[in-house]
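Inspection log for the structure reproduced underneath, given as structure tokens.
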Amino acid sequence: MSLTFHWFLPTNGDSRHVVGGGHGTPATASGRDRPPTVAYLSRIAGAAEDLGFVGALTPTGAWCEDAWLTTAMVSQNTERLKFLVAFRPGSVSPTLAAQMASTFQRQSGGRLLLNVVTGGENHEQRAYGDFLDKDGRYRRTGEFLDIVRQLWDGKTVDLHGEHLQVEDARLARVPDPVPEVYFGGSSPIAGEVAARHVDVYLTWGEPPAQVAEKIAWIRGLAAQQGRRLRFGIRLHVITRDTSQAAWAEAGRLLDGFDPETVRSVQAGLARSESEGQRRMLALHGGGRDGLEIHPNLWAGIGLVRGGAGTALVGSHAEVAERIREYAELGIEEFVLSGYPHLEEAYWFGEGVLPILAEQGVWRHPFRADTAPSAQVPFAS
């Protein structure tokens with residue numbers, strides 16, 4: 001097995017400080033330090049491509065630029081990097097989404113991956129004209145993916161569902177290859193949707209024991225459907241030549257958290273209906289003490305940022321060891337980020353990836369001369 005690594009395009013802005021936002025909270029002022037121009041995002045994408053990241057995740061929501069439009073433009077400045085485009089099924093019809101994905105595949109040379117985000121915040125969904133409750137949104141997502149996958153298979157679709165209806169829907173040209181679907185969710189209904197429809201189940205960076213429970217849960221649900229999924233994890237990274245230097249950087253970021261901003265962000269996130277967000281908040285409890293919740297796993301990011309709120313912090317060797325720990329649980333794909341995203345991509349790509357290559361668990365996806373000499377197996 002060769003592990004897969006993806007990076008992140010900060011379409012809400014970048015900074016040497018943590019850019020907060022997400023899950024209904026606005027981006028923090030530091031997001032204006034480096035505006036998310038196509039030129040800047042293209043530099044990050046180019047660096048990720050050179051370093052050996054397979055794809056780059058772009059977020060969705062009112063706090064950032066539109067993922068479809070931004071990645072379509074950035075893709076023209078890269079050659080091989082894929083784009084893990086986050087989108088919400090309630091914002092676009094399934095037939096149009098299937099057509100958009102097909103067009104993206106043709107115009108980019110097959111470099112689209114889809115991150116389906118059901119949406120966990122009622123007030124944010126309503127701003128987009130979506131008034132379904134959380135369970136209703138997940139049921140709609142299931143119908144949405146059923147329609148889209150049939151269209152991608154070249155079928156003509158008639159469906160009169162609980163939330164979606166299409167008649168005589170079909171695509172003039174199907175995507176080649178069909179984009180893989182990534183999806184995350186910690187509630188029971190989210191697990192049902194994942195088991196039936198998705199290719200890769202994503203979890204946020206919880207401690208390994210909790211991640212193992214999630215994997216076992218989703219794996220069991222998928223088996224009931226006769227399916228087998230891959231698993232990925234979403235984390236930030238702070239990796240340096242020494243452990244001391246990495247933790248000093250984490251301390252610098254923490255020192256930059258304004259107490260009033262932390263209070264405001266935590267109050268907003270406490271209203272979230274997302275089970276995953278609730279689990280993230282429980283890792284730090286809103287305080288600055290005890291933030292290393294597992295060796296080299298730091299929950300400080302979640303004090304000012306919704307969604308993924310944990311980071312791997314340590315020397316390159318320590319971070320590589322933690323990645324191996326998650327891989328042994330069954331995690332095959334790692335969706336990473338760091339502040340600022342341009343510089344942190346190089347810290348990880350030049351510091352950690354060579355170690356993993358030497359251990360035989362990673363190879364550069366775009367270079368034939370980087371094949372590992374010996375594969376080290378993971379536990380199933």
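Ligands are numbered from 1 in the order shown, residues from 1 within each chain, and chains are lettered A, B, ... in the order they appear in the structure tokens.
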
Please identify every residue of range 56-159 of chain A that has at least one atom no farther than 8 Å from an atom of range 190-210 of chain A, counting only C-alpha atoms, and for each give the shortest atom pair and the distance in Å to one decimal, arranged by chain then increasing number, as CSV.
```
residue,atom,partner,partner_atom,distance
A:Tyr138,CA,A:Ala190,CA,6.5
A:Arg139,CA,A:Val193,CA,7.8
A:Thr141,CA,A:Val193,CA,7.5
A:Gly142,CA,A:Val193,CA,5.7
A:Leu145,CA,A:His197,CA,6.6
A:Asp146,CA,A:His197,CA,7.3
```

How about saving the chosen residues, N, CA, C and O atoms kept, as a PDB file, in the first residue's frame?
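Result file follows (part_29.pdb):
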```pdb
ATOM      1  N   TYR A 138     -29.750  14.976   5.076  1.00  0.00           N
ATOM      2  CA  TYR A 138     -29.039  13.722   4.808  1.00  0.00           C
ATOM      3  C   TYR A 138     -29.860  12.801   3.913  1.00  0.00           C
ATOM      4  O   TYR A 138     -29.308  12.144   3.021  1.00  0.00           O
ATOM      5  N   ARG A 139     -31.172  12.746   4.126  1.00  0.00           N
ATOM      6  CA  ARG A 139     -31.991  11.903   3.248  1.00  0.00           C
ATOM      7  C   ARG A 139     -31.953  12.437   1.820  1.00  0.00           C
ATOM      8  O   ARG A 139     -31.905  11.666   0.858  1.00  0.00           O
ATOM      9  N   THR A 141     -29.437  14.073   0.530  1.00  0.00           N
ATOM     10  CA  THR A 141     -28.110  13.732   0.004  1.00  0.00           C
ATOM     11  C   THR A 141     -28.100  12.317  -0.565  1.00  0.00           C
ATOM     12  O   THR A 141     -27.502  12.062  -1.620  1.00  0.00           O
ATOM     13  N   GLY A 142     -28.760  11.389   0.118  1.00  0.00           N
ATOM     14  CA  GLY A 142     -28.832  10.031  -0.397  1.00  0.00           C
ATOM     15  C   GLY A 142     -29.536   9.973  -1.739  1.00  0.00           C
ATOM     16  O   GLY A 142     -29.071   9.293  -2.673  1.00  0.00           O
ATOM     17  N   LEU A 145     -27.187  11.566  -4.472  1.00  0.00           N
ATOM     18  CA  LEU A 145     -26.104  10.703  -4.936  1.00  0.00           C
ATOM     19  C   LEU A 145     -26.628   9.527  -5.745  1.00  0.00           C
ATOM     20  O   LEU A 145     -25.962   9.065  -6.684  1.00  0.00           O
ATOM     21  N   ASP A 146     -27.806   9.049  -5.428  1.00  0.00           N
ATOM     22  CA  ASP A 146     -28.411   7.979  -6.224  1.00  0.00           C
ATOM     23  C   ASP A 146     -28.636   8.453  -7.655  1.00  0.00           C
ATOM     24  O   ASP A 146     -28.307   7.751  -8.625  1.00  0.00           O
TER      25      ASP A 146
END
```

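Within range 267-303 of chain A, DSSP applied to the backbone places the following residues in strand (DSSP E or B): A:Glu292, A:Ile293, A:His294, A:Leu297, A:Trp298.
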
For Glu332 in chain A, the closest of A:Pro177, A:Asn122, A:Val361, A:Gly286 counting only C-alpha atoms is A:Val361

Hey, what's within 8 Å of Arg170 in chain A if we count only C-alpha atoms and toss same-chain stuff fewer than 6 positions away? As a ChimeraX atom specification, please? /A:95,151,154-157

Every residue of range 61-254 of chain A that DSSP places in alpha helix (DSSP H), as a ChimeraX atom specification: /A:67-74,94-108,122-127,134-152,188-197,208-224,243-254

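Here CA of Arg111 in chain A and CA of Ile44 in chain A stand 16.4 Å from one another.
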
Would you list the contacts of Ala246 in chain A as a compact mmCIF listing (two decimals) with all heavy atoms, in the first residue's frame, taking every protein, DNA or RNA residue within 10 Å and counting only C-alpha atoms, but skipping same-chain residues closer than 6 positions in sequence?
```txt
# COMPACT_ATOMS: atom_id res chain seq x y z
N VAL A 237 -1.15 20.31 10.08
CA VAL A 237 0.18 19.82 10.44
C VAL A 237 1.08 21.00 10.80
O VAL A 237 1.01 22.07 10.19
CB VAL A 237 0.84 19.00 9.30
CG1 VAL A 237 0.20 17.63 9.18
CG2 VAL A 237 0.77 19.73 7.97
N ILE A 238 1.91 20.76 11.80
CA ILE A 238 3.01 21.68 12.17
C ILE A 238 4.22 20.79 12.38
O ILE A 238 4.38 20.16 13.44
CB ILE A 238 2.70 22.48 13.45
CG1 ILE A 238 1.38 23.26 13.32
CG2 ILE A 238 3.85 23.44 13.76
CD1 ILE A 238 0.94 23.92 14.62
N THR A 239 5.04 20.67 11.37
CA THR A 239 6.18 19.76 11.43
C THR A 239 7.47 20.53 11.18
O THR A 239 7.54 21.37 10.27
CB THR A 239 6.01 18.61 10.42
OG1 THR A 239 7.15 17.78 10.44
CG2 THR A 239 5.78 19.12 9.01
N ARG A 240 8.48 20.27 11.99
CA ARG A 240 9.76 20.98 11.90
C ARG A 240 10.91 19.99 12.08
O ARG A 240 10.72 18.82 12.36
CB ARG A 240 9.84 22.08 12.97
CG ARG A 240 8.81 23.21 12.82
CD ARG A 240 9.06 24.03 11.57
NE ARG A 240 8.16 25.18 11.46
CZ ARG A 240 6.97 25.16 10.87
NH1 ARG A 240 6.53 24.03 10.34
NH2 ARG A 240 6.24 26.25 10.80
N ARG A 252 3.31 29.77 19.28
CA ARG A 252 3.19 31.09 18.65
C ARG A 252 1.78 31.29 18.10
O ARG A 252 1.18 32.37 18.25
CB ARG A 252 4.21 31.24 17.52
CG ARG A 252 4.22 32.63 16.88
CD ARG A 252 5.04 32.66 15.60
NE ARG A 252 4.43 31.89 14.52
CZ ARG A 252 3.43 32.34 13.75
NH1 ARG A 252 2.92 33.55 13.97
NH2 ARG A 252 2.95 31.60 12.80
N ASN A 296 1.52 14.14 20.10
CA ASN A 296 1.69 14.89 18.85
C ASN A 296 0.37 15.30 18.20
O ASN A 296 0.37 15.78 17.07
CB ASN A 296 2.53 14.13 17.83
CG ASN A 296 3.87 13.73 18.38
OD1 ASN A 296 4.11 12.53 18.61
ND2 ASN A 296 4.74 14.69 18.61
N LEU A 312 -1.31 17.65 13.75
CA LEU A 312 -0.15 16.85 14.12
C LEU A 312 1.02 17.80 14.33
O LEU A 312 1.36 18.57 13.42
CB LEU A 312 0.17 15.84 13.02
CG LEU A 312 -0.88 14.77 12.74
CD1 LEU A 312 -0.43 13.88 11.59
CD2 LEU A 312 -1.15 13.93 13.99
N VAL A 313 1.62 17.75 15.50
CA VAL A 313 2.70 18.67 15.86
C VAL A 313 3.90 17.85 16.32
O VAL A 313 3.78 16.99 17.20
CB VAL A 313 2.27 19.63 16.98
CG1 VAL A 313 3.40 20.60 17.31
CG2 VAL A 313 1.01 20.40 16.58
N GLY A 314 5.07 18.13 15.72
CA GLY A 314 6.27 17.44 16.17
C GLY A 314 7.36 17.48 15.13
O GLY A 314 7.26 18.17 14.11
N SER A 315 8.43 16.76 15.42
CA SER A 315 9.49 16.63 14.44
C SER A 315 8.98 15.84 13.24
O SER A 315 7.94 15.19 13.30
CB SER A 315 10.69 15.90 15.05
OG SER A 315 10.36 14.54 15.32
N HIS A 316 9.73 15.89 12.15
CA HIS A 316 9.31 15.15 10.96
C HIS A 316 9.15 13.67 11.28
O HIS A 316 8.20 13.02 10.82
CB HIS A 316 10.32 15.35 9.84
CG HIS A 316 10.57 16.79 9.49
ND1 HIS A 316 9.55 17.69 9.32
CD2 HIS A 316 11.74 17.47 9.30
CE1 HIS A 316 10.07 18.88 9.02
NE2 HIS A 316 11.39 18.76 9.00
```

Which residues, written as a PyMOL selection string, have at least one atom at most 10 Å from Ala39 in chain A, with only C-alpha atoms counted and residues fewer than 5 positions away on the same chain left out? chain A and resi 44-45+73-74+77

Of the candidates A:Glu213, A:Glu318, A:Glu273, A:Asp258, which shows the shortest atom-to-atom distance to Glu124 in chain A, using only C-alpha atoms?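 Between A:Glu213, A:Glu318, A:Glu273, A:Asp258, the residue approaching Glu124 in chain A most closely is A:Glu273.
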
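With distances restricted to only C-alpha atoms, A:Arg278 is the closest residue to Ser186 in chain A from A:Arg219, A:His123, A:Arg173, A:Arg278.
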
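As for CA of Leu51 in chain A and CA of Arg363 in chain A, they are spaced 10.8 Å apart.
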